[in-house]
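Structure file input.cif (mmCIF, C-alpha atoms) follows.
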data_input
#
loop_
_atom_site.label_atom_id
_atom_site.label_comp_id
_atom_site.auth_asym_id
_atom_site.auth_seq_id
_atom_site.Cartn_x
_atom_site.Cartn_y
_atom_site.Cartn_z
CA MET W 1 64.17 98.71 89.72
CA ASN W 2 64.22 101.75 92.00
CA ILE W 3 65.70 102.20 95.45
CA THR W 4 62.49 101.17 97.24
CA GLN W 5 62.16 98.01 95.15
CA ALA W 6 65.79 97.28 96.03
CA GLY W 7 64.73 97.08 99.66
CA LEU W 8 65.45 100.55 101.03
CA ASN W 9 62.09 101.43 102.55
CA LYS W 10 63.36 103.54 105.40
CA LYS W 11 66.42 105.57 106.29
CA ILE W 12 69.56 103.70 107.32
CA ARG W 13 70.69 104.49 110.84
CA ILE W 14 74.36 105.37 111.05
CA ASN W 15 76.45 106.88 113.81
CA GLY W 16 78.43 109.46 111.93
CA ILE W 17 79.78 111.14 108.81
CA LYS W 18 83.27 112.59 108.71
CA LEU W 19 84.70 114.79 105.97
CA SER W 20 88.36 115.29 105.26
CA ASN W 21 90.22 118.46 104.56
CA GLU W 22 91.33 118.95 100.97
CA LEU W 23 93.51 116.14 99.65
CA VAL W 24 95.24 115.28 96.40
CA GLN W 25 95.10 111.78 94.96
CA ILE W 26 98.21 110.23 93.50
CA ASN W 27 97.83 107.32 91.10
CA LEU W 28 100.80 105.03 90.69
CA LEU W 29 100.87 103.64 87.18
CA ASN W 30 102.45 100.33 86.36
CA GLY W 31 106.04 100.80 85.27
CA SER W 32 108.30 98.07 83.93
CA GLN W 33 109.13 96.91 87.48
CA ALA W 34 106.00 97.56 89.42
CA GLN W 35 107.10 96.42 92.84
CA ASP W 36 110.34 98.40 92.98
CA PHE W 37 108.58 101.50 91.79
CA ARG W 38 105.84 101.25 94.41
CA ALA W 39 108.44 100.64 97.10
CA LEU W 40 110.43 103.67 95.98
CA PHE W 41 107.37 105.91 96.16
CA PHE W 42 106.37 104.89 99.68
CA ARG W 43 109.97 105.01 100.90
CA LEU W 44 110.44 108.54 99.55
CA LEU W 45 107.33 109.81 101.28
CA ALA W 46 108.28 108.12 104.54
CA GLN W 47 111.81 109.53 104.42
CA ASN W 48 110.36 112.98 103.90
CA GLN W 49 107.82 112.60 106.70
CA ILE W 50 104.79 112.88 104.46
CA ASN W 51 101.72 111.14 105.80
CA ILE W 52 99.45 109.15 103.46
CA PRO W 53 96.07 108.90 105.16
CA PHE W 54 94.44 106.76 102.48
CA ILE W 55 96.06 104.03 100.37
CA LEU W 56 94.78 101.45 97.90
CA VAL W 57 97.13 98.95 96.32
CA THR W 58 96.43 96.12 93.92
CA GLY W 59 99.02 93.64 92.79
CA MET W 60 96.97 92.07 90.06
CA GLY W 61 98.64 93.51 86.97
CA GLU W 62 96.44 96.55 86.56
CA LYS W 63 97.55 99.71 84.75
CA ILE W 64 96.99 101.75 87.91
CA GLN W 65 98.67 99.69 90.63
CA GLY W 66 97.94 102.01 93.49
CA SER W 67 96.12 105.15 94.53
CA CYS W 68 96.73 107.19 97.61
CA CYS W 69 95.83 110.56 99.07
CA VAL W 70 97.98 113.13 100.79
CA ALA W 71 97.04 116.46 102.33
CA ALA W 72 96.76 119.26 99.76
CA GLU W 73 99.48 121.19 101.61
CA ASP W 74 101.89 118.29 101.01
CA ALA W 75 101.22 118.14 97.27
CA ASN W 76 104.06 120.45 96.25
CA ARG W 77 106.58 118.49 98.28
CA VAL W 78 105.41 115.22 96.73
CA GLU W 79 105.64 116.69 93.23
CA LYS W 80 109.19 117.89 93.89
CA LEU W 81 110.24 114.50 95.24
CA VAL W 82 108.70 112.69 92.30
CA ALA W 83 110.30 115.09 89.83
CA MET W 84 113.74 114.08 91.10
CA GLU W 85 113.11 110.40 90.29
CA PRO W 86 112.79 109.82 86.52
CA GLU W 87 111.02 106.48 86.87
CA LEU W 88 108.48 107.89 89.28
CA ARG W 89 107.96 111.06 87.27
CA GLU W 90 106.83 109.01 84.27
CA ASN W 91 104.50 106.80 86.25
CA ILE W 92 102.61 109.15 88.51
CA GLU W 93 99.47 111.15 87.96
CA ILE W 94 98.02 113.61 90.41
CA LEU W 95 94.35 114.46 90.83
CA PRO W 96 93.99 117.78 92.66
CA ALA W 97 91.17 118.78 95.01
CA VAL W 98 89.75 115.49 96.15
CA GLY W 99 88.20 114.80 99.53
CA ALA W 100 87.25 111.83 101.68
CA LEU W 101 83.78 111.17 103.01
CA THR W 102 83.70 108.57 105.76
CA LEU W 103 80.56 106.85 107.01
CA PHE W 104 80.37 104.68 110.09
CA PRO W 105 79.56 102.02 111.04
CA HIS W 106 79.25 99.73 108.02
CA TYR W 107 78.27 96.62 110.04
CA SER W 108 80.21 94.59 107.44
CA ASN W 109 77.24 94.49 105.12
CA LEU W 110 76.78 95.94 101.67
CA LYS W 111 73.88 98.26 102.46
CA LEU W 112 75.83 101.50 102.92
CA LEU W 113 78.10 100.66 100.00
CA GLY W 114 75.08 100.01 97.79
CA LEU W 115 73.37 103.20 98.89
CA PHE W 116 76.40 105.36 98.27
CA PHE W 117 77.10 103.79 94.87
CA TYR W 118 73.47 104.44 93.97
CA LEU W 119 73.62 108.07 95.12
CA LEU W 120 76.95 108.81 93.42
CA GLY W 121 75.60 107.38 90.20
CA GLU W 122 72.36 109.33 90.41
CA ALA W 123 74.12 112.59 91.26
CA HIS W 124 76.88 112.01 88.64
CA LEU W 125 79.52 112.46 91.31
CA PRO W 126 82.87 110.85 90.62
CA LEU W 127 84.30 108.06 92.76
CA TYR W 128 88.10 107.98 92.71
CA GLY W 129 88.58 105.36 95.39
CA MET W 130 86.89 103.62 98.30
CA ALA W 131 87.91 101.34 101.14
CA SER W 132 86.50 99.92 104.31
CA SER W 133 88.28 100.08 107.62
CA ILE W 134 87.40 98.50 110.96
CA SER W 135 83.94 100.01 111.08
CA SER W 136 83.92 102.72 108.45
CA LEU W 137 83.63 103.17 104.71
CA THR W 138 85.64 105.95 103.10
CA PHE W 139 84.83 107.31 99.63
CA ILE W 140 87.08 109.66 97.67
CA THR W 141 85.31 112.19 95.46
CA ASP W 142 85.73 115.81 94.34
CA TYR W 143 86.51 118.04 97.30
CA PRO W 144 84.18 120.87 96.20
CA GLN W 145 81.37 118.29 95.96
CA LEU W 146 81.69 116.86 99.48
CA ASP W 147 78.90 118.98 100.93
CA ASN W 148 76.61 118.08 98.01
CA ALA W 149 77.36 114.42 98.59
CA VAL W 150 76.45 114.78 102.28
CA SER W 151 73.20 116.62 101.50
CA THR W 152 72.18 113.84 99.12
CA LEU W 153 73.16 111.20 101.62
CA LEU W 154 71.20 112.76 104.47
CA GLU W 155 67.98 112.10 102.56
CA TYR W 156 68.62 108.39 103.07
CA VAL W 157 70.45 108.06 106.39
CA ASP W 158 69.55 108.96 109.97
CA LEU W 159 72.21 110.35 112.27
CA PRO W 160 71.96 110.41 116.07
CA PRO W 161 70.16 113.58 117.22
CA ASN W 162 73.31 115.17 118.61
CA HIS W 163 75.51 114.47 115.62
CA ALA W 164 76.24 116.46 112.46
CA PRO W 165 78.74 115.71 109.70
CA PHE W 166 82.08 117.08 110.83
CA ARG W 167 85.54 117.99 109.62
CA PRO W 168 88.46 117.27 111.94
CA GLU W 169 89.40 120.33 113.95
CA ILE W 170 92.57 118.80 115.36
CA HIS W 171 95.24 118.06 112.79
CA VAL W 172 97.85 115.60 114.00
CA ILE W 173 101.24 115.83 112.32
CA GLN W 174 104.07 113.50 113.17
CA GLN W 175 107.55 114.96 112.96
CA LYS W 176 110.87 113.40 113.80
CA ARG W 177 112.88 115.60 116.13
CA MET N 1 96.72 127.86 117.99
CA ASP N 2 99.10 124.93 117.54
CA THR N 3 99.40 122.23 120.16
CA ILE N 4 102.49 120.13 119.74
CA ALA N 5 102.68 116.60 121.09
CA VAL N 6 105.87 114.60 120.90
CA TYR N 7 105.58 110.90 120.24
CA TRP N 8 108.27 108.70 118.78
CA GLU N 9 108.91 105.00 118.63
CA PRO N 10 111.63 103.13 116.76
CA ARG N 11 109.18 100.48 115.56
CA PRO N 12 105.52 101.40 115.17
CA LYS N 13 103.30 99.75 117.75
CA THR N 14 100.23 97.80 116.76
CA TYR N 15 97.44 96.45 118.88
CA GLY N 16 98.05 93.01 117.37
CA PHE N 17 97.42 91.18 114.13
CA SER N 18 94.15 89.74 112.95
CA GLU N 19 94.42 86.80 110.55
CA VAL N 20 91.72 85.12 108.47
CA LYS N 21 92.14 82.21 106.07
CA ASN N 22 89.94 80.60 103.45
CA LEU N 23 88.47 83.77 102.05
CA SER N 24 87.30 84.63 98.55
CA LEU N 25 88.22 87.81 96.73
CA MET N 26 85.67 89.05 94.21
CA ASN N 27 86.86 91.55 91.63
CA ILE N 28 84.05 93.28 89.75
CA GLU N 29 84.32 95.81 86.94
CA ILE N 30 81.93 98.71 87.45
CA LYS N 31 81.44 100.17 83.99
CA PRO N 32 80.94 103.93 83.58
CA GLY N 33 77.27 104.71 83.95
CA LYS N 34 76.55 101.49 85.85
CA MET N 35 77.25 102.76 89.35
CA THR N 36 73.56 103.32 90.07
CA GLN N 37 72.64 99.83 88.90
CA TRP N 38 75.34 98.20 91.00
CA GLY N 39 74.23 100.26 93.99
CA LEU N 40 70.72 98.88 93.66
CA TRP N 41 72.00 95.33 93.30
CA PHE N 42 74.10 95.66 96.46
CA LEU N 43 71.11 97.05 98.31
CA GLU N 44 69.09 94.04 97.18
CA LEU N 45 71.87 91.74 98.31
CA THR N 46 71.57 92.93 101.89
CA ASP N 47 68.60 90.54 102.20
CA LEU N 48 71.16 87.72 101.99
CA ASP N 49 73.02 89.23 104.95
CA VAL N 50 76.35 88.93 103.15
CA GLY N 51 79.17 90.07 105.44
CA PHE N 52 82.48 91.35 104.09
CA HIS N 53 85.94 91.52 105.59
CA LEU N 54 87.10 94.28 103.27
CA VAL N 55 85.75 96.28 100.35
CA LEU N 56 87.95 98.40 98.13
CA ALA N 57 87.36 100.23 94.86
CA LYS N 58 89.95 101.81 92.64
CA TYR N 59 90.54 102.51 88.98
CA SER N 60 92.53 99.80 87.26
CA ASN N 61 92.99 102.05 84.22
CA HIS N 62 91.52 105.40 83.32
CA GLN N 63 88.09 104.08 82.37
CA GLU N 64 87.59 101.04 84.54
CA LEU N 65 86.61 101.12 88.20
CA ARG N 66 87.22 97.82 89.94
CA LEU N 67 85.46 96.83 93.12
CA TYR N 68 87.04 94.18 95.34
CA ILE N 69 84.98 92.40 97.94
CA LEU N 70 86.70 90.08 100.38
CA LEU N 71 84.33 87.66 102.06
CA GLU N 72 83.88 84.17 103.43
CA LYS N 73 83.76 81.52 100.71
CA ILE N 74 80.20 80.60 101.61
CA TRP N 75 79.06 84.18 100.94
CA ALA N 76 81.02 84.29 97.70
CA ASP N 77 78.92 81.38 96.42
CA GLU N 78 75.72 83.21 97.37
CA MET N 79 76.89 86.38 95.67
CA LEU N 80 78.03 84.52 92.58
CA SER N 81 74.63 83.00 92.25
CA TYR N 82 72.99 86.43 92.57
CA ILE N 83 75.38 88.34 90.32
CA GLY N 84 75.46 85.56 87.76
CA LYS N 85 71.81 86.25 86.99
CA ARG N 86 72.62 89.86 86.18
CA ILE N 87 75.95 89.93 84.37
CA ASP N 88 77.89 87.58 82.12
CA LEU N 89 80.35 85.85 84.44
CA GLU N 90 81.58 83.52 81.73
CA SER N 91 83.48 86.13 79.73
CA GLY N 92 85.79 86.70 82.69
CA LYS N 93 86.22 90.34 81.64
CA ASN N 94 84.07 92.04 84.19
CA PHE N 95 84.29 89.58 87.03
CA LYS N 96 87.08 87.57 88.63
CA LEU N 97 87.10 85.37 91.70
CA THR N 98 90.33 84.49 93.50
CA SER N 99 89.94 81.81 96.13
CA PRO N 100 91.19 80.88 98.63
CA VAL N 101 93.02 83.96 99.82
CA GLU N 102 94.19 85.12 103.23
CA LEU N 103 93.91 88.38 105.15
CA ILE N 104 96.16 89.98 107.69
CA SER N 105 95.08 93.25 109.24
CA PHE N 106 96.32 95.39 112.07
CA GLN N 107 95.82 98.79 113.59
CA GLY N 108 97.80 101.12 115.75
CA PRO N 109 97.70 104.47 117.51
CA HIS N 110 97.14 107.33 115.06
CA PHE N 111 98.13 105.17 112.09
CA GLY N 112 96.10 107.45 109.83
CA ASP N 113 98.05 110.51 110.98
CA ARG N 114 101.58 109.13 110.84
CA TYR N 115 104.05 108.83 108.00
CA GLY N 116 105.92 105.62 107.26
CA ILE N 117 103.33 103.03 108.32
CA ALA N 118 102.59 101.80 104.79
CA ASP N 119 106.26 101.86 103.89
CA ALA N 120 107.14 99.71 106.90
CA ALA N 121 104.41 97.18 106.09
CA PHE N 122 105.01 96.92 102.35
CA LYS N 123 108.80 96.87 102.75
CA ALA N 124 108.62 93.99 105.19
CA LEU N 125 106.72 91.90 102.64
CA ASP N 126 108.31 93.16 99.41
CA ASP N 127 111.84 92.51 100.64
CA GLN N 128 111.03 88.83 101.10
CA GLY N 129 109.01 88.53 97.91
CA ILE N 130 105.62 88.07 99.55
CA PRO N 131 103.04 89.02 96.92
CA ILE N 132 100.23 91.38 97.88
CA LEU N 133 96.94 90.83 96.08
CA ILE N 134 95.32 93.98 97.42
CA ALA N 135 95.95 96.28 100.34
CA ALA N 136 94.15 99.20 101.91
CA CYS N 137 95.18 101.68 104.59
CA SER N 138 92.24 103.72 105.79
CA GLY N 139 91.56 105.19 109.20
CA THR N 140 93.85 103.53 111.70
CA ALA N 141 93.91 100.12 110.05
CA VAL N 142 96.03 98.31 107.48
CA TYR N 143 94.53 95.43 105.49
CA ILE N 144 96.67 93.16 103.32
CA VAL N 145 95.22 90.34 101.25
CA LEU N 146 97.64 87.56 100.38
CA PRO N 147 97.61 84.46 98.22
CA GLU N 148 96.95 81.17 99.96
CA LYS N 149 99.64 79.87 102.33
CA LYS N 150 101.45 83.19 102.67
CA LEU N 151 99.83 84.33 105.89
CA HIS N 152 102.19 82.63 108.33
CA GLU N 153 105.32 84.04 106.69
CA ALA N 154 103.76 87.49 106.28
CA ARG N 155 102.80 87.62 109.93
CA ALA N 156 106.34 86.81 111.03
CA LEU N 157 107.76 89.54 108.80
CA LEU N 158 105.24 92.13 109.93
CA ALA N 159 105.87 91.20 113.55
CA GLU N 160 109.51 92.19 113.00
CA ALA N 161 108.56 95.51 111.45
CA PHE N 162 105.92 96.40 114.05
CA SER N 163 105.98 95.88 117.77
CA ILE N 164 103.16 94.31 119.73
CA PRO N 165 103.00 95.59 123.30
#
Show me this structure written as structure tokens.
Amino acid sequence: MNITQAGLNKKIRINGIKLSNELVQINLLNGSQAQDFRALFFRLLAQNQINIPFILVTGMGEKIQGSCCVAAEDANRVEKLVAMEPELRENIEILPAVGALTLFPHYSNLKLLGLFFYLLGEAHLPLYGMASSISSLTFITDYPQLDNAVSTLLEYVDLPPNHAPFRPEIHVIQQKR
Amino acid sequence: MDTIAVYWEPRPKTYGFSEVKNLSLMNIEIKPGKMTQWGLWFLELTDLDVGFHLVLAKYSNHQELRLYILLEKIWADEMLSYIGKRIDLESGKNFKLTSPVELISFQGPHFGDRYGIADAAFKALDDQGIPILIAACSGTAVYIVLPEKKLHEARALLAEAFSIP
């Protein structure tokens, strides 16, 4: 079966593609007491005012219980915080240089998901995580490959005439005074 | 040039909670090298007009990508019928269905840009022993999938942690 036989005879109309700045992915491995360990990690980052723009958690006994992304500029701070907590230190792995590609809208159907899975597989691009939000689908892949992923994608999707894939120019940071 | 905006609230605001019961959670193993095949199958499935509430994919260990699809039970039956013709559902290794499950989701101003949102949500539930099946925070929204009959209690706890204007 090829992509045309699978029902994709014309480009999919979407409203936008957004790319993140460089991120690092942190995988939380299952320790002996999974829940306490996850809670400790999120509490530490909150106490130190580190934003986590993308989070996946599963509580179904998997070896990797959670994955999340933080801005690359926050990576050193996270590593230092983790290093101070022996239980965390042993149960964390960090993937450098990942990025998020967000497509919208998904219309709650599997078409965009199917297309992107197909394209990632064909292009041998890694997928480190993915989640839907209200109207968007966000995929985590290698940061240096984001532009390649977009080029591949644009062969199969139509954007509005006045829209191009964009990176956020305004960076919002919350700080407690 | 930096522009600094000051915004602080003792309890994060949300725009309200959305709750859905009687859902099915599909959990599919995507084996290495099978991403293309699954992509084609999902494209084919769009003919069925299957609508999801949440999709999430993450590695469960270092080799195994797991895709979770949360959908109405009626669509789960349709998908099962379709997928069952293509993979071995009986072994239970590469496919799991948890049903019924419940979903609570909420969003708030700049949730994706602010620290502490996930901590506040997970703490509210963890402290009272509410199990989380899966959760995702992406964009400005938080999605938490719960076992059956946990939604009411979870909502009350989250409503203490977050304020609704």
Check your understanding: So, counting all atoms listed in the file, which residue among W:Gly129, W:Gly99, W:Pro144, W:Gly7 is closest to Phe42 (chain N)?
Key ->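 Going through W:Gly129, W:Gly99, W:Pro144, W:Gly7 one by one, the smallest distance to Phe42 (chain N) is for W:Gly7.
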- Task: Tell me which of W:Glu155, W:Asp147, W:Glu62, W:Asp74 sits closest to Ile26 (chain W), counting only C-alpha atoms.
- Result: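 Among the listed residues, W:Asp74 lies closest to Ile26 (chain W).
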request  = For Leu101 (chain W), please output as a PyMOL selection string all residues within 8 Å (counting only C-alpha atoms; exclusion window: fewer than 5 positions along the same chain).
outcome  = chain W and resi 17-20+138-141+146
With only C-alpha atoms considered, list every residue of chain W at most 8 Å from chain N, as a compact mmCIF listing (two decimals) with C-alpha atoms, in the frame of the given file.
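Heads up, here's the output in part_15.txt:
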# COMPACT_ATOMS: atom_id res chain seq x y z
CA MET W 1 64.17 98.71 89.72
CA ASN W 2 64.22 101.75 92.00
CA ILE W 3 65.70 102.20 95.45
CA ALA W 6 65.79 97.28 96.03
CA GLY W 7 64.73 97.08 99.66
CA LEU W 8 65.45 100.55 101.03
CA GLN W 35 107.10 96.42 92.84
CA ALA W 39 108.44 100.64 97.10
CA PHE W 42 106.37 104.89 99.68
CA ARG W 43 109.97 105.01 100.90
CA LEU W 45 107.33 109.81 101.28
CA ALA W 46 108.28 108.12 104.54
CA GLN W 47 111.81 109.53 104.42
CA GLN W 49 107.82 112.60 106.70
CA ILE W 50 104.79 112.88 104.46
CA ASN W 51 101.72 111.14 105.80
CA ILE W 52 99.45 109.15 103.46
CA PRO W 53 96.07 108.90 105.16
CA PHE W 54 94.44 106.76 102.48
CA ILE W 55 96.06 104.03 100.37
CA LEU W 56 94.78 101.45 97.90
CA VAL W 57 97.13 98.95 96.32
CA THR W 58 96.43 96.12 93.92
CA GLY W 59 99.02 93.64 92.79
CA MET W 60 96.97 92.07 90.06
CA GLU W 62 96.44 96.55 86.56
CA LYS W 63 97.55 99.71 84.75
CA ILE W 64 96.99 101.75 87.91
CA GLN W 65 98.67 99.69 90.63
CA SER W 67 96.12 105.15 94.53
CA SER W 108 80.21 94.59 107.44
CA ASN W 109 77.24 94.49 105.12
CA LEU W 110 76.78 95.94 101.67
CA LYS W 111 73.88 98.26 102.46
CA LEU W 112 75.83 101.50 102.92
CA LEU W 113 78.10 100.66 100.00
CA GLY W 114 75.08 100.01 97.79
CA LEU W 115 73.37 103.20 98.89
CA PHE W 116 76.40 105.36 98.27
CA PHE W 117 77.10 103.79 94.87
CA TYR W 118 73.47 104.44 93.97
CA LEU W 119 73.62 108.07 95.12
CA LEU W 120 76.95 108.81 93.42
CA GLY W 121 75.60 107.38 90.20
CA GLU W 122 72.36 109.33 90.41
CA TYR W 128 88.10 107.98 92.71
CA GLY W 129 88.58 105.36 95.39
CA MET W 130 86.89 103.62 98.30
CA ALA W 131 87.91 101.34 101.14
CA SER W 132 86.50 99.92 104.31
CA SER W 133 88.28 100.08 107.62
CA ILE W 134 87.40 98.50 110.96
CA THR W 138 85.64 105.95 103.10
CA VAL W 172 97.85 115.60 114.00
CA ILE W 173 101.24 115.83 112.32
CA GLN W 174 104.07 113.50 113.17
CA LYS W 176 110.87 113.40 113.80
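Taken over the whole file, the PyMOL selection byres ((chain W and resi 71) around 8) covers exactly W:Asn21, W:Glu22, W:Leu23, W:Val24, W:Asn51, W:Ile52, W:Cys69, W:Val70, W:Ala72, W:Glu73, W:Asp74, W:Ala75.
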Around all listed atoms of region 120-129 of chain N, padded 6 Å per side, what centre and edge lengths does the axis-aligned box have in Å to one decimal, as lines of an AutoDock Vina configuration file?
center_x = 108.1
center_y = 94.1
center_z = 102.4
size_x = 19.4
size_y = 23.2
size_z = 21.0
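Atom to atom, CA of Leu95 (chain W) and CA of Ala83 (chain W) stand 16.0 Å apart.
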Run through the PyMOL selection byres ((chain N and resi 10) around 10) on the given coordinates and return the selected residues as a short mmCIF file (atom, residue, chain, number, x, y, z; two decimals) with C-alpha atoms, keeping the file's coordinate frame.
data_model
loop_
_atom_site.label_atom_id
_atom_site.label_comp_id
_atom_site.auth_asym_id
_atom_site.auth_seq_id
_atom_site.Cartn_x
_atom_site.Cartn_y
_atom_site.Cartn_z
CA TRP N 8 108.27 108.70 118.78
CA GLU N 9 108.91 105.00 118.63
CA ARG N 11 109.18 100.48 115.56
CA PRO N 12 105.52 101.40 115.17
CA LYS N 13 103.30 99.75 117.75
CA ALA N 161 108.56 95.51 111.45
CA PHE N 162 105.92 96.40 114.05
CA SER N 163 105.98 95.88 117.77
#
Exactly which residues make up the result of the PyMOL selection byres ((chain N and resi 100) around 10) on this file, given as an MDAnalysis selection string?
chainID N and resid 21:25 72:73 97:99 101:102 146:149
**Item:** Two-atom distance - CA of Phe104 (chain W), CA of Ser135 (chain W) (Å)
**Value:**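 Interatomic distance here is 6.0 Å.
The gap separating CA of Ala159 (chain N) from CA of Leu125 (chain N) is 11.0 Å, in Å to one decimal.
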Of N:Glu153, N:Pro109, N:Gln128, N:Ile28, the one sitting nearest Pro165 (chain N) when using all atoms listed in the file is N:Pro109
Please list as a ChimeraX atom specification every residue within 12 Å of Pro161 (chain W), counting all atoms listed in the file and excluding residues in the same chain fewer than 4 positions away. /W:13-16,165
